[in-house]
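Colleague: Following this line is data16.csv, made up of CSV, C-alpha atoms:
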```
chain,number,residue,atom,x,y,z
A,18,MET,CA,112.9,97.1,103.0
A,19,ALA,CA,110.2,94.4,102.8
A,20,GLU,CA,109.2,93.3,99.4
A,21,THR,CA,105.7,92.1,100.3
A,22,PRO,CA,103.3,93.4,97.7
A,23,VAL,CA,101.7,96.6,99.0
A,24,THR,CA,98.2,95.3,98.2
A,25,GLU,CA,98.7,92.4,100.6
A,26,LEU,CA,99.6,94.6,103.6
A,27,SER,CA,97.1,95.5,106.4
A,28,PHE,CA,96.7,99.2,107.3
A,29,GLU,CA,99.0,98.7,110.3
A,30,GLN,CA,101.7,97.0,108.3
A,31,ALA,CA,101.6,99.6,105.5
A,32,MET,CA,101.7,102.5,108.0
A,33,ALA,CA,104.7,101.0,109.9
A,34,GLU,CA,106.6,100.5,106.7
A,35,LEU,CA,105.7,104.0,105.4
A,36,GLU,CA,107.1,105.4,108.7
A,37,ASP,CA,110.3,103.5,108.1
A,38,VAL,CA,110.5,104.7,104.5
A,39,VAL,CA,110.0,108.3,105.6
A,40,GLY,CA,112.6,108.0,108.3
A,41,ARG,CA,115.2,106.6,105.9
A,42,LEU,CA,114.5,109.3,103.4
A,43,GLU,CA,114.7,112.1,106.0
A,44,ARG,CA,118.0,110.8,107.3
A,45,GLY,CA,119.4,111.0,103.8
A,46,ASP,CA,121.8,108.1,104.3
A,47,VAL,CA,120.7,106.2,101.1
A,48,ALA,CA,122.0,106.5,97.6
A,49,LEU,CA,120.0,108.3,95.0
A,50,ASP,CA,118.8,105.1,93.2
A,51,GLU,CA,117.7,103.7,96.6
A,52,SER,CA,116.0,107.0,97.5
A,53,ILE,CA,113.9,106.8,94.3
A,54,LYS,CA,112.9,103.2,95.0
A,55,LEU,CA,112.0,104.2,98.6
A,56,TYR,CA,110.0,107.2,97.4
A,57,GLU,CA,108.0,105.0,94.9
A,58,ARG,CA,107.4,102.4,97.6
A,59,GLY,CA,106.3,105.1,100.0
A,60,ALA,CA,103.8,106.5,97.5
A,61,ALA,CA,102.3,103.1,97.1
A,62,LEU,CA,102.2,102.6,100.8
A,63,LYS,CA,100.5,106.0,101.3
A,64,LYS,CA,97.8,105.0,98.7
A,65,ARG,CA,97.3,101.7,100.4
A,66,CYS,CA,96.7,103.4,103.8
A,67,GLU,CA,94.3,105.9,102.2
A,68,THR,CA,92.4,103.0,100.6
A,69,LYS,CA,92.1,101.0,103.8
A,70,LEU,CA,91.0,104.1,105.8
A,71,LYS,CA,88.3,104.8,103.2
A,72,GLU,CA,87.1,101.2,103.4
A,73,ALA,CA,86.9,101.5,107.2
A,74,GLU,CA,85.0,104.9,107.0
A,75,GLU,CA,82.5,103.3,104.6
A,76,LYS,CA,81.9,100.4,106.9
A,77,VAL,CA,81.4,102.7,109.9
A,78,ALA,CA,79.1,104.9,107.8
A,79,ALA,CA,77.0,101.9,106.8
A,80,ILE,CA,76.2,100.9,110.4
A,81,THR,CA,72.5,101.4,111.1
A,82,LEU,CA,71.1,102.4,114.5
A,83,ASP,CA,67.8,101.8,116.1
A,84,ALA,CA,65.7,104.5,117.8
A,85,GLU,CA,67.8,104.1,121.0
A,86,GLY,CA,71.1,104.4,119.1
A,87,ASN,CA,72.0,100.8,119.2
A,88,PRO,CA,73.6,99.2,116.2
A,89,THR,CA,71.1,97.0,114.3
A,90,GLY,CA,73.1,96.0,111.3
A,91,THR,CA,74.6,97.6,108.2
A,92,ALA,CA,73.1,99.4,105.3
A,93,PRO,CA,74.6,99.1,101.8
A,94,VAL,CA,77.1,101.8,101.0
A,95,GLU,CA,76.1,103.7,97.9
A,96,GLY,CA,78.8,103.9,95.3
A,97,PRO,CA,80.2,107.1,93.8
```
Here is the file; what I need is its structure written in the form of structure tokens.

Modeller:
Amino acid sequence: MAETPVTELSFEQAMAELEDVVGRLERGDVALDESIKLYERGAALKKRCETKLKEAEEKVAAITLDAEGNPTGTAPVEGP
């Protein structure tokens, strides 16, 4: 299992590692202590993926279009 801090992973890296974690947990071939560590890492990876997806959605939502539907730039995304 990689020990790169979750906050430094790209979406693709976090997703790939999350898939590996889920696979290992589903196989059930790890000790209980290791299962707990994997579950905690998986939860952090899931949160990272959700955060990166939300960031991407906000960027897409901020793209402004002209009258013909062509991208003209971005608009500020309003906070919660």

Colleague: Hey, which of A:Leu42, A:Leu82, A:Ala31, A:Thr21 ends up closest to A:Arg65? Count all atoms listed in the file.

Modeller: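 Going through A:Leu42, A:Leu82, A:Ala31, A:Thr21 one by one, the smallest distance to A:Arg65 is for A:Ala31.
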
Colleague: Which one of A:Arg58, A:Thr68, A:Val77, A:Lys63 sits closest to A:Glu20 if you count all atoms listed in the file?

Modeller: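 Of the candidates, the smallest distance to A:Glu20 is held by A:Arg58.
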
Colleague: Atom CA of A:Glu36 and atom CA of A:Gly59 are how many Å apart?

Modeller: 8.7 Å

Colleague: Compare A:Val47, A:Cys66, A:Ala60, A:Ile80 by their minimum atom-to-atom distance to A:Glu29, counting only C-alpha atoms, and give me the closest one.

Modeller: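 Checking each candidate against A:Glu29, we get A:Cys66 as the closest.
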
Colleague: Just give me the gap between atom CA of A:Lys64 and atom CA of A:Asp50 in Å, one decimal is fine.

Modeller: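 Separating atom CA of A:Lys64 from atom CA of A:Asp50 is a distance of 21.7 Å.
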
Colleague: Kindly give the distance, in Å, that separates atom CA of A:Gly90 and atom CA of A:Glu75, rounded to a single decimal.

Modeller: 13.7 Å

Colleague: For a quick check of your reading of the model, name the residues lying within 8 Å of the coordinate (93.1, 99.4, 108.3), counting all atoms listed in the file, and write them as a PyMOL selection string.

Modeller: chain A and resi 27-29+66+69-70+72-73

Colleague: So which one's closest to A:Ser52, A:Ala84, A:Glu67, A:Met32, A:Val38? Using only C-alpha atoms, please.

Modeller: A:Val38

Colleague: Excluding A:Arg41 and any residue of its chain fewer than 3 positions from it, enumerate the residues within 12 Å of it, using only C-alpha atoms, and give them as an NGL selection string.

Modeller: :A and (18 or 34-38 or 44-48 or 51-56 or 59)

Colleague: Measuring between all atoms listed in the file, which one of A:Thr89, A:Leu62, A:Thr81, A:Lys76 shows the shortest distance to A:Gln30?

Modeller: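 Using all atoms listed in the file, the shortest distance to A:Gln30 belongs to A:Leu62.
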
Colleague: Can you put N, CA and C atoms back into stretch 69-86 of chain A and show it as a short mmCIF file (atom, residue, chain, number, x, y, z; two decimals), in the coordinates of the input?

Modeller:
```cif
data_model
loop_
_atom_site.label_atom_id
_atom_site.label_comp_id
_atom_site.auth_asym_id
_atom_site.auth_seq_id
_atom_site.Cartn_x
_atom_site.Cartn_y
_atom_site.Cartn_z
N LYS A 69 92.64 101.75 102.68
CA LYS A 69 92.10 101.00 103.80
C LYS A 69 91.34 101.92 104.78
N LEU A 70 91.75 103.18 104.94
CA LEU A 70 91.00 104.10 105.80
C LEU A 70 89.63 104.40 105.16
N LYS A 71 89.60 104.57 103.85
CA LYS A 71 88.30 104.80 103.20
C LYS A 71 87.38 103.64 103.34
N GLU A 72 87.91 102.43 103.21
CA GLU A 72 87.10 101.20 103.40
C GLU A 72 86.52 101.21 104.83
N ALA A 73 87.34 101.53 105.81
CA ALA A 73 86.90 101.50 107.20
C ALA A 73 85.81 102.60 107.41
N GLU A 74 86.02 103.78 106.85
CA GLU A 74 85.00 104.90 107.00
C GLU A 74 83.70 104.45 106.37
N GLU A 75 83.75 103.78 105.22
CA GLU A 75 82.50 103.30 104.60
C GLU A 75 81.79 102.30 105.41
N LYS A 76 82.54 101.41 106.05
CA LYS A 76 81.90 100.40 106.90
C LYS A 76 81.25 101.07 108.11
N VAL A 77 81.93 102.03 108.71
CA VAL A 77 81.40 102.70 109.90
C VAL A 77 80.12 103.51 109.43
N ALA A 78 80.19 104.16 108.29
CA ALA A 78 79.10 104.90 107.80
C ALA A 78 77.86 104.06 107.50
N ALA A 79 78.10 102.78 107.19
CA ALA A 79 77.00 101.90 106.80
C ALA A 79 76.32 101.25 108.02
N ILE A 80 76.83 101.45 109.22
CA ILE A 80 76.20 100.90 110.40
C ILE A 80 74.89 101.61 110.66
N THR A 81 73.84 100.83 110.80
CA THR A 81 72.50 101.40 111.10
C THR A 81 72.22 101.33 112.55
N LEU A 82 71.49 102.31 113.06
CA LEU A 82 71.10 102.40 114.50
C LEU A 82 69.64 102.31 114.64
N ASP A 83 69.19 101.75 115.77
CA ASP A 83 67.80 101.80 116.10
C ASP A 83 67.41 103.07 116.77
N ALA A 84 66.19 103.21 117.22
CA ALA A 84 65.70 104.50 117.80
C ALA A 84 66.50 104.82 119.09
N GLU A 85 67.04 103.82 119.78
CA GLU A 85 67.80 104.10 121.00
C GLU A 85 69.31 104.29 120.69
N GLY A 86 69.69 104.23 119.43
CA GLY A 86 71.10 104.40 119.10
C GLY A 86 71.93 103.19 119.11
#
```
